[in-house]
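Single-structure report; data block below.
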Amino acid sequence: MFTNDDIRQIEERGSSVQTVKDQVERFKKGFPWMKIVAPATPAKGISVLSEAEVEEAGKYYESAEIAGKCKFVPASGAASRMFKDLFSGLDTLKSGKDIAADSPAAKFTANISKFAFYDPQLFQEPSDSAEYRQSVLSRTLTEEGLGYGAKPKGVLKFHRYTDGEIRTAFAEHLVEAQDYMRNNDGTANLVVTISPEHQHLFEEAYAEVKQAYEKKYGVEYNITFTFQDKATDTVAVDVDNKPFRTDTDALLFRPAGHGALIHNLNNIKEEVVSIKNIDNVAVESYLPETAKYKKVLLGKALELRDIIHGYLHELDAVTGANIRSFQPYPDLPGYTPLKTDVYASEECQMLCNDIQTFLEDKLCITFPEFETCQERAEMLRKKLDRPIRVCGMVKNQGEPGGGPFIIAEKDGTTSLQILESVQINMSDEKAKAALASATHFNPVDLVCCLHDYNGKSFDLLKYVDEDAGFISSKSYQGRELKALELPGLWNGAMSNWNTLFVEVPLETFNPVKVVLDLLRPAHQN
């Protein structure tokens, strides 16, 4: 299948021939559909907190002991999709035709002065001519002006304040971080995933505000820019599932989606990590509400951490798990024989009852019948001893993207998962009905606890469901191909985590998916 040149190309990327072969096989066999039990709703699967519970969660966060905090911001890639409609309008104008008055491109040019990146010296005096509209679009998108069509979202000017300050999306994340992710020593840690070719743009954007923000907010920032590893790129195939080759006969590799960032997340040493996408920010007047509910998610994650770690320590004490390694050496100090009926003891059974009830009631994890008491205890331990994530969920307003569901797992249990529409079998009436009755949407607002109950970092790569990836249709120089995306960061990459869904207000979700979103109230002063 592969030539010597192919093998050299694969290995130079940090991958292996076997990995690429496995990817080709995955194209052939595809991915299984997720087996949906029901949508996660406030009735079962999504916690809707009272105002008193909101306050209590915030206080829990403020008083909890934490081995370091970090804000993780996926910010790779250019903003080309954000400007897709503008590129289309520019092409139309270049062809000699005018654009429709109600088109996104026309709305953009008519409102150009309302955008934070508006510069009267760059853009012409307003007029209703096609030439004017073409000039505005060209000077926004191309190197003739701002060059925004090829720049990453993080460095685009999102917000203009009444005092004249202009902030990028990245700058707004810095402002958020100093509020709800500040460490006790006054530092705020951020890990921002970017493309290597954009590093200088982010460094320049950071340098412009670092000193002023550290002085204004009394914070010290620790910023790490990290890249998606080329070794995680996946090979493309043609329509016959054979490796796709370029005009130079080389293999074509493509970035494998945000699921590849599980490797970046795995390198973080702090215990608690907050995750938000680069474009989900708002003007600072929204920060009190945003921070309030981010602290709620942090508090619920730490409360969940403490309950789970408490149960694991109790299981150790009851089953003698902490001394099993000494059994072959009875002369060692501290040795205590492990009773063969320890799992069947009343103490162990009562503890297992409590744990099973907790997992079923709080995390929607149901279990099949167990054959032995030991099998039950070990299964409960396995489910407890995993990374933790608490995910904010907003009421469904028709936004595109994933949602919360209860699914059936391969081991006979159930779990809470965030699914994308491509993972749902639309020819299955039950799955289709579950999607139709979903009440909430995933805004990508997560808090993660990455240390185990002994204080060690989890190896997050062990908790990925490799069967939860995606295959999509793409093109290369006009030729059709199929692309493979790894299990998404908040989808299959976190499939085997302990998950809690918590409702948060829609006001905390303010993404900029298309440029006209910047005209919404959350992005205007």
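Convention: chains lettered A, B, ... in structure tokens order; per-chain residue numbering from 1; ligands numbered from 1 as shown.
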ask   = Can you list, as a list in words, every protein, DNA or RNA residue that comes within 7 Å of region 220-233 of chain A when you count only C-alpha atoms, leaving out same-chain residues fewer than 3 positions away?
value = Arg13, Gly14, Ser15, Gly186, Thr187, Ala188, Asn189, Leu190, Val191, Val192, Thr193, Ile194, Ser195, Pro196, Glu214, Phe253, Arg254, Pro255, Ala256, Ala260 and Leu261 of chain A
Using N, CA and C atoms, can you export the residues from the last selection as a short mmCIF file (atom, residue, chain, number, x, y, z; two decimals), in the first residue's frame?
data_model
loop_
_atom_site.label_atom_id
_atom_site.label_comp_id
_atom_site.auth_asym_id
_atom_site.auth_seq_id
_atom_site.Cartn_x
_atom_site.Cartn_y
_atom_site.Cartn_z
N ARG A 13 6.41 12.93 9.87
CA ARG A 13 5.31 13.63 10.53
C ARG A 13 5.14 13.20 11.98
N GLY A 14 5.93 12.20 12.40
CA GLY A 14 5.82 11.71 13.76
C GLY A 14 4.78 10.63 13.93
N SER A 15 4.25 10.13 12.82
CA SER A 15 3.25 9.07 12.87
C SER A 15 3.92 7.74 12.54
N GLY A 186 -2.17 35.22 42.65
CA GLY A 186 -2.42 36.35 41.77
C GLY A 186 -2.10 36.10 40.31
N THR A 187 -1.76 34.87 39.96
CA THR A 187 -1.47 34.53 38.58
C THR A 187 -2.72 34.01 37.87
N ALA A 188 -2.72 34.11 36.57
CA ALA A 188 -3.77 33.51 35.75
C ALA A 188 -3.08 32.78 34.61
N ASN A 189 -3.31 31.47 34.53
CA ASN A 189 -2.65 30.63 33.53
C ASN A 189 -3.59 30.38 32.35
N LEU A 190 -3.08 30.57 31.15
CA LEU A 190 -3.84 30.27 29.94
C LEU A 190 -3.01 29.42 29.00
N VAL A 191 -3.64 28.39 28.44
CA VAL A 191 -3.05 27.61 27.36
C VAL A 191 -3.93 27.84 26.14
N VAL A 192 -3.34 28.40 25.09
CA VAL A 192 -4.09 28.76 23.89
C VAL A 192 -3.55 27.94 22.72
N THR A 193 -4.43 27.15 22.11
CA THR A 193 -3.98 26.31 20.99
C THR A 193 -4.11 27.11 19.70
N ILE A 194 -3.01 27.24 18.97
CA ILE A 194 -2.97 28.05 17.76
C ILE A 194 -2.23 27.30 16.67
N SER A 195 -2.27 27.85 15.46
CA SER A 195 -1.48 27.31 14.36
C SER A 195 -0.11 27.98 14.38
N PRO A 196 0.95 27.25 14.07
CA PRO A 196 2.31 27.84 14.13
C PRO A 196 2.45 29.12 13.31
N GLU A 214 -2.30 43.70 33.29
CA GLU A 214 -1.73 43.26 34.56
C GLU A 214 -1.80 44.38 35.60
N PHE A 253 -2.36 14.54 4.04
CA PHE A 253 -2.77 14.50 5.45
C PHE A 253 -3.54 15.77 5.77
N ARG A 254 -4.52 15.64 6.67
CA ARG A 254 -5.36 16.77 7.06
C ARG A 254 -5.45 16.86 8.57
N PRO A 255 -5.60 18.08 9.11
CA PRO A 255 -5.83 18.21 10.56
C PRO A 255 -7.06 17.41 10.96
N ALA A 256 -6.98 16.75 12.10
CA ALA A 256 -8.01 15.78 12.49
C ALA A 256 -9.09 16.37 13.39
N ALA A 260 -8.02 16.28 18.25
CA ALA A 260 -6.56 16.14 18.39
C ALA A 260 -6.04 16.92 19.58
N LEU A 261 -6.83 17.89 20.07
CA LEU A 261 -6.37 18.73 21.18
C LEU A 261 -6.38 18.02 22.51
#
Under the rule of at most 10 Å, produce a per-residue listing of region 132-235 of chain A near region 284-297 of chain A: chain, number, name, the closest pair of atoms, and the distance in Å, as a Markdown table, using only C-alpha atoms.
| residue | atom | partner | partner_atom | distance |
| --- | --- | --- | --- | --- |
| A:His159 | CA | A:Glu284 | CA | 9.4 |
| A:Tyr161 | CA | A:Glu284 | CA | 9.2 |
| A:Glu172 | CA | A:Glu284 | CA | 7.7 |
| A:Val175 | CA | A:Glu284 | CA | 8.0 |
| A:Glu176 | CA | A:Leu287 | CA | 7.0 |
| A:Ala177 | CA | A:Ala291 | CA | 9.2 |
| A:Asp179 | CA | A:Ala291 | CA | 6.9 |
| A:Tyr180 | CA | A:Ala291 | CA | 5.8 |
| A:Met181 | CA | A:Lys295 | CA | 8.8 |
Go ahead and dump the residues you just picked, N, CA, C and O atoms, as a short mmCIF file (atom, residue, chain, number, x, y, z; two decimals), in the first residue's frame.
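This is the output file again.cif:
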data_model
loop_
_atom_site.label_atom_id
_atom_site.label_comp_id
_atom_site.auth_asym_id
_atom_site.auth_seq_id
_atom_site.Cartn_x
_atom_site.Cartn_y
_atom_site.Cartn_z
N HIS A 159 -14.44 44.01 19.87
CA HIS A 159 -15.24 44.96 20.64
C HIS A 159 -14.58 46.34 20.74
O HIS A 159 -13.37 46.42 20.96
N TYR A 161 -14.89 49.89 22.96
CA TYR A 161 -15.46 50.45 24.18
C TYR A 161 -15.60 51.96 24.07
O TYR A 161 -14.95 52.61 23.24
N GLU A 172 -10.27 39.56 25.33
CA GLU A 172 -11.43 39.32 26.20
C GLU A 172 -11.25 38.05 27.04
O GLU A 172 -11.69 37.98 28.18
N VAL A 175 -9.19 39.01 29.99
CA VAL A 175 -10.00 39.70 30.99
C VAL A 175 -10.84 38.70 31.78
O VAL A 175 -10.96 38.80 33.01
N GLU A 176 -11.42 37.72 31.10
CA GLU A 176 -12.19 36.68 31.79
C GLU A 176 -11.31 35.89 32.76
O GLU A 176 -11.70 35.62 33.90
N ALA A 177 -10.13 35.52 32.31
CA ALA A 177 -9.26 34.66 33.11
C ALA A 177 -8.89 35.29 34.44
O ALA A 177 -8.83 34.61 35.47
N ASP A 179 -10.60 37.10 36.21
CA ASP A 179 -11.76 37.14 37.10
C ASP A 179 -12.00 35.79 37.77
O ASP A 179 -11.86 35.65 38.98
N TYR A 180 -12.32 34.78 36.98
CA TYR A 180 -12.75 33.52 37.60
C TYR A 180 -11.70 32.41 37.62
O TYR A 180 -11.94 31.34 38.19
N MET A 181 -10.53 32.63 36.99
CA MET A 181 -9.50 31.59 36.99
C MET A 181 -8.19 32.05 37.63
O MET A 181 -7.14 31.48 37.40
#
query = Using the chain letters and numbers from this document, which residues of region 34-224 of chain A does DSSP assign to strand (DSSP E), as a PyMOL selection string?
reply = chain A and resi 36-39+46-47+69-74+157-160+166-168+187-194+220-224
Could you turn the residues from that selection into a file that holds C-alpha atoms, as a CSV table (one decimal), in the first residue's frame?
chain,number,residue,atom,x,y,z
A,36,ILE,CA,-29.2,6.9,22.3
A,37,VAL,CA,-31.3,6.0,25.3
A,38,ALA,CA,-32.8,9.5,25.6
A,39,PRO,CA,-32.0,13.2,25.4
A,46,ILE,CA,-29.4,18.2,33.2
A,47,SER,CA,-29.2,19.8,36.6
A,69,LYS,CA,-6.0,26.3,37.6
A,70,CYS,CA,-5.7,26.9,33.9
A,71,LYS,CA,-7.9,28.3,31.2
A,72,PHE,CA,-7.7,26.3,27.9
A,73,VAL,CA,-8.7,28.1,24.8
A,74,PRO,CA,-8.9,26.3,21.4
A,157,LYS,CA,-10.9,43.2,16.7
A,158,PHE,CA,-14.2,42.1,18.3
A,159,HIS,CA,-15.2,45.0,20.6
A,160,ARG,CA,-14.9,48.8,20.8
A,166,ILE,CA,-10.5,48.1,21.2
A,167,ARG,CA,-10.3,44.4,22.2
A,168,THR,CA,-9.6,41.3,20.3
A,187,THR,CA,-1.5,34.5,38.6
A,188,ALA,CA,-3.8,33.5,35.7
A,189,ASN,CA,-2.7,30.6,33.5
A,190,LEU,CA,-3.8,30.3,29.9
A,191,VAL,CA,-3.1,27.6,27.4
A,192,VAL,CA,-4.1,28.8,23.9
A,193,THR,CA,-4.0,26.3,21.0
A,194,ILE,CA,-3.0,28.1,17.8
A,220,GLU,CA,0.2,38.2,36.4
A,221,TYR,CA,-0.5,36.2,33.3
A,222,ASN,CA,1.3,33.0,32.3
A,223,ILE,CA,0.5,32.3,28.7
A,224,THR,CA,1.4,29.2,26.8
request  = Just the residues within 12 Å of Phe405 (chain A), please, counting only C-alpha atoms, with nothing from its chain fewer than 6 positions along; format it as a PyMOL selection string.
outcome  = chain A and resi 34-42+44-46+363-364+393+414-421+423-424+431+434-442+491+495+499-501
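The environment of Gln121 (chain A) within 12 Å, counting only C-alpha atoms and disregarding residues fewer than 5 places along the same chain, consists of Ser113, Val136, Arg139 and Gly145 of chain A.
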Would you save the residues of that selection, restricted to N, CA and C atoms, as an mmCIF file, in the first residue's frame?
data_model
loop_
_atom_site.group_PDB
_atom_site.id
_atom_site.type_symbol
_atom_site.label_atom_id
_atom_site.label_comp_id
_atom_site.auth_asym_id
_atom_site.auth_seq_id
_atom_site.Cartn_x
_atom_site.Cartn_y
_atom_site.Cartn_z
ATOM 1 N N SER A 113 -19.465 50.728 9.985
ATOM 2 C CA SER A 113 -18.983 51.625 11.040
ATOM 3 C C SER A 113 -19.277 51.099 12.442
ATOM 4 N N VAL A 136 -15.307 47.884 0.436
ATOM 5 C CA VAL A 136 -15.409 47.524 1.860
ATOM 6 C C VAL A 136 -15.071 46.052 2.079
ATOM 7 N N ARG A 139 -11.310 45.408 1.371
ATOM 8 C CA ARG A 139 -10.416 45.953 2.392
ATOM 9 C C ARG A 139 -10.594 45.269 3.740
ATOM 10 N N GLY A 145 -6.270 45.536 2.701
ATOM 11 C CA GLY A 145 -6.644 46.252 3.913
ATOM 12 C C GLY A 145 -6.287 45.478 5.164
#
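Using only C-alpha atoms, the smallest distance between any of A:Glu369, A:Glu503, A:Asp240, A:Asp445 and Asp411 (chain A) comes from A:Glu369.
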Long-range neighbours of Arg245 (chain A) as a PDB file with N, CA, C and O atoms, in the first residue's frame, 12 Å cut-off, only C-alpha atoms, 2 positions minimum in chain:
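The new file result.pdb reads:
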ATOM      1  N   PHE A   2       1.996   1.204   0.701  1.00  0.00           N
ATOM      2  CA  PHE A   2       2.833   2.389   0.846  1.00  0.00           C
ATOM      3  C   PHE A   2       4.224   2.173   0.263  1.00  0.00           C
ATOM      4  O   PHE A   2       4.844   1.127   0.466  1.00  0.00           O
ATOM      5  N   ASP A   6       6.431   7.079   0.824  1.00  0.00           N
ATOM      6  CA  ASP A   6       5.288   7.224   1.723  1.00  0.00           C
ATOM      7  C   ASP A   6       5.717   7.018   3.168  1.00  0.00           C
ATOM      8  O   ASP A   6       5.343   7.790   4.063  1.00  0.00           O
ATOM      9  N   VAL A 235      -4.718  10.686   7.448  1.00  0.00           N
ATOM     10  CA  VAL A 235      -4.581  10.550   6.005  1.00  0.00           C
ATOM     11  C   VAL A 235      -5.961  10.675   5.350  1.00  0.00           C
ATOM     12  O   VAL A 235      -6.974  10.263   5.925  1.00  0.00           O
ATOM     13  N   ALA A 236      -6.005  11.278   4.181  1.00  0.00           N
ATOM     14  CA  ALA A 236      -7.239  11.352   3.407  1.00  0.00           C
ATOM     15  C   ALA A 236      -7.302  10.174   2.441  1.00  0.00           C
ATOM     16  O   ALA A 236      -6.265   9.606   2.064  1.00  0.00           O
ATOM     17  N   VAL A 237      -8.515   9.797   2.049  1.00  0.00           N
ATOM     18  CA  VAL A 237      -8.684   8.725   1.063  1.00  0.00           C
ATOM     19  C   VAL A 237      -9.592   9.215  -0.049  1.00  0.00           C
ATOM     20  O   VAL A 237     -10.327  10.200   0.102  1.00  0.00           O
ATOM     21  N   ASP A 238      -9.542   8.505  -1.188  1.00  0.00           N
ATOM     22  CA  ASP A 238     -10.439   8.847  -2.294  1.00  0.00           C
ATOM     23  C   ASP A 238     -11.777   8.154  -2.092  1.00  0.00           C
ATOM     24  O   ASP A 238     -12.018   7.519  -1.053  1.00  0.00           O
ATOM     25  N   ASN A 241     -11.781   4.589  -0.963  1.00  0.00           N
ATOM     26  CA  ASN A 241     -11.085   4.325   0.299  1.00  0.00           C
ATOM     27  C   ASN A 241      -9.615   3.950   0.116  1.00  0.00           C
ATOM     28  O   ASN A 241      -9.038   3.238   0.937  1.00  0.00           O
ATOM     29  N   LYS A 242      -9.022   4.452  -0.953  1.00  0.00           N
ATOM     30  CA  LYS A 242      -7.586   4.279  -1.153  1.00  0.00           C
ATOM     31  C   LYS A 242      -6.894   5.583  -0.796  1.00  0.00           C
ATOM     32  O   LYS A 242      -7.452   6.669  -0.993  1.00  0.00           O
ATOM     33  N   PRO A 243      -5.680   5.520  -0.225  1.00  0.00           N
ATOM     34  CA  PRO A 243      -4.997   6.753   0.169  1.00  0.00           C
ATOM     35  C   PRO A 243      -4.997   7.790  -0.946  1.00  0.00           C
ATOM     36  O   PRO A 243      -4.636   7.493  -2.087  1.00  0.00           O
ATOM     37  N   ASP A 247      -0.879  15.839  -6.668  1.00  0.00           N
ATOM     38  CA  ASP A 247      -0.341  15.802  -8.032  1.00  0.00           C
ATOM     39  C   ASP A 247       1.138  15.439  -8.067  1.00  0.00           C
ATOM     40  O   ASP A 247       1.686  15.146  -9.123  1.00  0.00           O
ATOM     41  N   THR A 248       1.786  15.434  -6.879  1.00  0.00           N
ATOM     42  CA  THR A 248       3.182  14.984  -6.807  1.00  0.00           C
ATOM     43  C   THR A 248       3.276  13.551  -6.295  1.00  0.00           C
ATOM     44  O   THR A 248       4.366  13.076  -5.951  1.00  0.00           O
ATOM     45  N   ASP A 249       2.127  12.867  -6.213  1.00  0.00           N
ATOM     46  CA  ASP A 249       2.027  11.475  -5.779  1.00  0.00           C
ATOM     47  C   ASP A 249       2.302  11.306  -4.278  1.00  0.00           C
ATOM     48  O   ASP A 249       2.541  10.201  -3.801  1.00  0.00           O
ATOM     49  N   ALA A 250       2.268  12.404  -3.536  1.00  0.00           N
ATOM     50  CA  ALA A 250       2.446  12.308  -2.084  1.00  0.00           C
ATOM     51  C   ALA A 250       1.110  12.027  -1.407  1.00  0.00           C
ATOM     52  O   ALA A 250       0.034  12.339  -1.955  1.00  0.00           O
ATOM     53  N   LEU A 251       1.166  11.427  -0.235  1.00  0.00           N
ATOM     54  CA  LEU A 251      -0.040  11.225   0.563  1.00  0.00           C
ATOM     55  C   LEU A 251      -0.539  12.584   1.047  1.00  0.00           C
ATOM     56  O   LEU A 251       0.244  13.499   1.302  1.00  0.00           O
ATOM     57  N   LEU A 252      -1.858  12.704   1.183  1.00  0.00           N
ATOM     58  CA  LEU A 252      -2.440  13.944   1.690  1.00  0.00           C
ATOM     59  C   LEU A 252      -2.903  13.732   3.133  1.00  0.00           C
ATOM     60  O   LEU A 252      -3.714  12.851   3.412  1.00  0.00           O
ATOM     61  N   PHE A 253      -2.357  14.539   4.044  1.00  0.00           N
ATOM     62  CA  PHE A 253      -2.773  14.497   5.448  1.00  0.00           C
ATOM     63  C   PHE A 253      -3.542  15.773   5.773  1.00  0.00           C
ATOM     64  O   PHE A 253      -3.247  16.843   5.258  1.00  0.00           O
ATOM     65  N   TYR A 476     -10.085  18.494  -2.745  1.00  0.00           N
ATOM     66  CA  TYR A 476      -8.710  19.004  -2.860  1.00  0.00           C
ATOM     67  C   TYR A 476      -8.443  19.288  -4.324  1.00  0.00           C
ATOM     68  O   TYR A 476      -8.499  18.375  -5.161  1.00  0.00           O
ATOM     69  N   GLN A 477      -8.257  20.575  -4.641  1.00  0.00           N
ATOM     70  CA  GLN A 477      -8.033  21.005  -6.019  1.00  0.00           C
ATOM     71  C   GLN A 477      -9.103  20.441  -6.961  1.00  0.00           C
ATOM     72  O   GLN A 477      -8.809  19.951  -8.048  1.00  0.00           O
ATOM     73  N   ARG A 479     -10.899  17.804  -6.588  1.00  0.00           N
ATOM     74  CA  ARG A 479     -11.085  16.347  -6.523  1.00  0.00           C
ATOM     75  C   ARG A 479     -11.721  15.958  -5.193  1.00  0.00           C
ATOM     76  O   ARG A 479     -11.327  16.438  -4.130  1.00  0.00           O
ATOM     77  N   GLU A 480     -12.708  15.070  -5.270  1.00  0.00           N
ATOM     78  CA  GLU A 480     -13.434  14.640  -4.084  1.00  0.00           C
ATOM     79  C   GLU A 480     -12.571  13.713  -3.229  1.00  0.00           C
ATOM     80  O   GLU A 480     -11.813  12.881  -3.739  1.00  0.00           O
ATOM     81  N   LEU A 481     -12.693  13.884  -1.913  1.00  0.00           N
ATOM     82  CA  LEU A 481     -11.975  12.997  -0.994  1.00  0.00           C
ATOM     83  C   LEU A 481     -12.794  12.823   0.270  1.00  0.00           C
ATOM     84  O   LEU A 481     -13.795  13.511   0.491  1.00  0.00           O
TER      85      LEU A 481
END
request  = For Thr162 (chain A), list every protein, DNA or RNA residue within 10 Å, evaluated using only C-alpha atoms, and leave out those in the same chain fewer than 3 positions away; present the list as a list of chain:residue names.
outcome  = A:Glu165, A:Ile166, A:Gln524, A:Asn525
Restricted to N, CA, C and O atoms, what would the selected residues look like written as a PDB file, in the first residue's frame?
ATOM      1  N   GLU A 165     -11.023  52.055  23.815  1.00  0.00           N
ATOM      2  CA  GLU A 165     -10.277  50.789  23.810  1.00  0.00           C
ATOM      3  C   GLU A 165     -10.918  49.813  22.833  1.00  0.00           C
ATOM      4  O   GLU A 165     -12.145  49.702  22.757  1.00  0.00           O
ATOM      5  N   ILE A 166     -10.077  49.102  22.101  1.00  0.00           N
ATOM      6  CA  ILE A 166     -10.544  48.065  21.185  1.00  0.00           C
ATOM      7  C   ILE A 166      -9.926  46.745  21.616  1.00  0.00           C
ATOM      8  O   ILE A 166      -8.715  46.667  21.854  1.00  0.00           O
ATOM      9  N   GLN A 524     -21.634  44.753  21.300  1.00  0.00           N
ATOM     10  CA  GLN A 524     -21.718  46.194  21.046  1.00  0.00           C
ATOM     11  C   GLN A 524     -21.776  46.944  22.374  1.00  0.00           C
ATOM     12  O   GLN A 524     -22.313  46.450  23.359  1.00  0.00           O
ATOM     13  N   ASN A 525     -21.227  48.116  22.418  1.00  0.00           N
ATOM     14  CA  ASN A 525     -21.308  48.968  23.609  1.00  0.00           C
ATOM     15  C   ASN A 525     -22.224  50.166  23.328  1.00  0.00           C
ATOM     16  O   ASN A 525     -22.290  50.650  22.226  1.00  0.00           O
TER      17      ASN A 525
END
ask   = Got a sec to tell me which of region 88-174 of chain A DSSP assigns to alpha helix (DSSP H), as number ranges by chain?
value = A: 88-94, 104-110, 130-141, 169-174
message = Need the shell around region 448-465 of chain A: protein/DNA/RNA residues with any atom at most 9 Å away, counting only C-alpha atoms. Skip same-chain ones fewer than 6 positions apart. Format as a ChimeraX atom specification?
response = /A:67,262-263,265-266,268-275,298,301-302,305-306,308-310,312-313,385-391,487,491-497
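Our summary of the geometry notes that CA of Cys373 (chain A) is positioned 5.5 Å from CA of Tyr343 (chain A).
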